[in-house]
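The block underneath contains the structure these notes are about, expressed in structure tokens.
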Amino acid sequence: MHVLITGAGGHLGRKLFDALEAKPGYAVSGIDIRPTDHPRIHTADLSSEPVWADLFEGVDVIVHLAGDREPGATWPSAIKNNMDATLTLYHHAAARGVKRVVLASSNWLHGDKRFTGDRLDSTTPPGPINAYGMSKLFCERTGAYFAEHHGLSVVCLRIGWTQWTHDNRPGPHMAMGRWGQEMWLSDRDFLSGMQAAIEAADVDFAVLNLMSDNPGMRWDISETRRLIGYEPEDGSPAKITMAIRLTSALKKLVTVTLPNAIDKRHPDW
């Protein structure tokens with residue numbers, strides 16, 4: 001199986017590239033916007049003229065990790081690097097006979113649910129609160145279109161938190177309090193989830209959570225287990241300190257409680 005990884009030189013991309021390269025039965029190539037030290041990771045900007053699409057010839061599965069990954073991404077960057085680039089990628093993948101795209105989506109699609117008790121799965125109404133989250137929703141919906149109308153299998157994984165620091169260990173050092181800790185994703189669960197999405201049979205389109213099996217989390221991974229055979233090996237309960245409780249309460253007051261009260265009292269403002 002030939003797998004091409006976009007963003008192959010990045011934090012997650014290189015981990016996946018190296019892991020698949022070491023497995024029998026895989027041919028692996030990649031694209032990254034920055035030069036890398038591997039001859040099969042090609043340098044290209046997915047937001048530019050798509051000369052890079054020739055690299056899709058003979059590819060079975062594309063794992064699309066490239067894009068502006070920052071929650072604080074500006075609208076111009078989110079449109080160019082996430083929306084437009086992904087739409088172009090779908091188009092050329094379908095045209096060149098790629099069987100599947102595994103899309104790196106995001107938990108930021110449910111950013112408005114942080115201070116609710118909602119169960120989070122593919123049926124939960126989206127509520128992105130920033131340009132980054134909106135761009136990932138766009139990428140999911142356009143993936144659904146290409147699956148329905150062009151026969152391209154698309155698996156969207158709403159990837160949890162794999163940290164660049166602390167050797168990706170979970171704990172109260174993680175930002176966003178309980179919300180951040182409960183979406184923790186270990187390195188080996190990330191790799192096994194990606195491999196499951198690459199190899200799963202008979203999936204035309206799916207939107208799935210990819211977190212470790214963290215006790216008490218609101219992200220439902222039962223769909224991920226059932227549809228692609230994901231079996232997480234790790235999990236960690238959130239450790240909530242008094243500082244986390246106070247910070248979260250203040251954040252909720254400023255971002256949710258007060259705005260809602262103002263909207264209710266002054267709906268025409």
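Each chain of the structure tokens is named A, B, ... in the order shown, its residues numbered from 1; ligands are numbered from 1 in display order.
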
Taking only C-alpha atoms into account, produce a table as CSV in which each residue of range 4-32 of chain A with an atom at most 12 Å from an atom of range 73-97 of chain A appears once, together with its shortest atom pair and the distance in Å to one decimal, ordered by chain and rising number.
residue,atom,partner,partner_atom,distance
A:Leu4,CA,A:Ala93,CA,10.8
A:Ile5,CA,A:Leu89,CA,11.9
A:Thr6,CA,A:Leu89,CA,10.0
A:Gly7,CA,A:Asn81,CA,11.6
A:Ile31,CA,A:Leu89,CA,12.0

Could you take the residues named above and write them with N, CA and C atoms, as a compact mmCIF listing (two decimals), in the first residue's frame?
# COMPACT_ATOMS: atom_id res chain seq x y z
N LEU A 4 0.73 8.42 1.12
CA LEU A 4 1.38 9.73 1.05
C LEU A 4 0.88 10.58 2.20
N ILE A 5 1.81 11.19 2.93
CA ILE A 5 1.48 12.01 4.10
C ILE A 5 1.80 13.46 3.78
N THR A 6 0.81 14.34 3.88
CA THR A 6 1.10 15.77 3.78
C THR A 6 1.45 16.29 5.17
N GLY A 7 2.31 17.30 5.21
CA GLY A 7 2.83 17.73 6.51
C GLY A 7 3.74 16.68 7.11
N ILE A 31 4.86 15.03 1.63
CA ILE A 31 4.99 16.42 1.18
C ILE A 31 5.07 17.29 2.43

Original post:
Neighbours of Ser153 in chain A within 9 Å (only C-alpha atoms; same-chain residues fewer than 6 positions away dropped), as a list in words?
Top reply: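 In the requested format, the answer is Val98, Lys99, Arg100, Val101, Val102, Gly143, Ala144, Phe146, Ala147, Asp202, Val203, Asp204, Phe205 and Ala206 of chain A.
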
**OP:** Going by DSSP on the backbone, which bits of range 16-252 of chain A are strand (DSSP E)? Write them as JSON, numbers by chain, please.
**Re:** {"A": [27, 28, 29, 30, 31, 32, 41, 42, 43, 61, 62, 63, 64, 100, 101, 102, 103, 104, 105, 106, 153, 154, 155, 156, 157, 158, 159, 205, 206, 207, 208, 209, 210]}

Subject >> Top pick for closest residue to Ala196 in chain A, considering A:Asp32, A:Asp263, A:Glu182, A:Glu231 and counting only C-alpha atoms >> reply: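 Answer, going by the shortest atom-to-atom distance: A:Glu231.
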
**OP:** Could you jot down the CA of Arg225 in chain A to CA of Gly133 in chain A separation for me, Å, one decimal place?
**Re:** 24.2 Å

Subject >> Surrounding residues of Val28 in chain A excluding itself and chain neighbours under 4 positions, 6 Å, only C-alpha atoms, as a ChimeraX atom specification >> reply: /A:2-4,21

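The shortest atom-to-atom distance to Ser212 in chain A, with only C-alpha atoms taken into account, belongs to A:Leu185 out of A:Leu152, A:Leu12, A:Ile198, A:Leu185.
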
Original post:
Can you list, as a PyMOL selection string, every residue of range 2-246 of chain A that DSSP puts in alpha helix (DSSP H)?
Top reply: chain A and resi 11-21+75-77+85-95+131-150+177-182+187-199+222-228+242-246

Original post:
When distances are computed from only C-alpha atoms, which of A:Ala8, A:Leu227, A:Ala175, A:Val63 shows the smallest separation from Ala200 in chain A?
Top reply: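 Among A:Ala8, A:Leu227, A:Ala175, A:Val63, it is A:Leu227 that comes nearest to Ala200 in chain A.
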
Original post:
Given the choices A:Ala197, A:Asp112, A:Val207, A:Ala27, which gets closest to Arg141 in chain A if the distance is worked out from only C-alpha atoms?
Top reply: A:Val207

**OP:** Could you tell me which of A:Glu199, A:Gly235, A:Ile221, A:Thr165 comes closest to Ser186 in chain A if we count only C-alpha atoms?
**Re:**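 Ranked by minimum distance to Ser186 in chain A, first place goes to A:Gly235.
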
**OP:** Quick one: everything within 9 Å of Gly177 in chain A, counting only C-alpha atoms, minus sequence neighbours fewer than 4 positions away in the same chain. Send it as a ChimeraX atom specification.
**Re:** /A:172-173,181-182,238-241,244-245,247-248

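Minimum distance to Gly9 in chain A across A:Asp45, A:Ala66, A:Tyr145, A:Val59 (counting only C-alpha atoms) occurs at A:Ala66.
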
Original post:
Do you have the CA of Tyr230 in chain A-CA of Met176 in chain A distance handy?
Top reply: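 Atom-to-atom, CA of Tyr230 in chain A to CA of Met176 in chain A, that is 26.1 Å.
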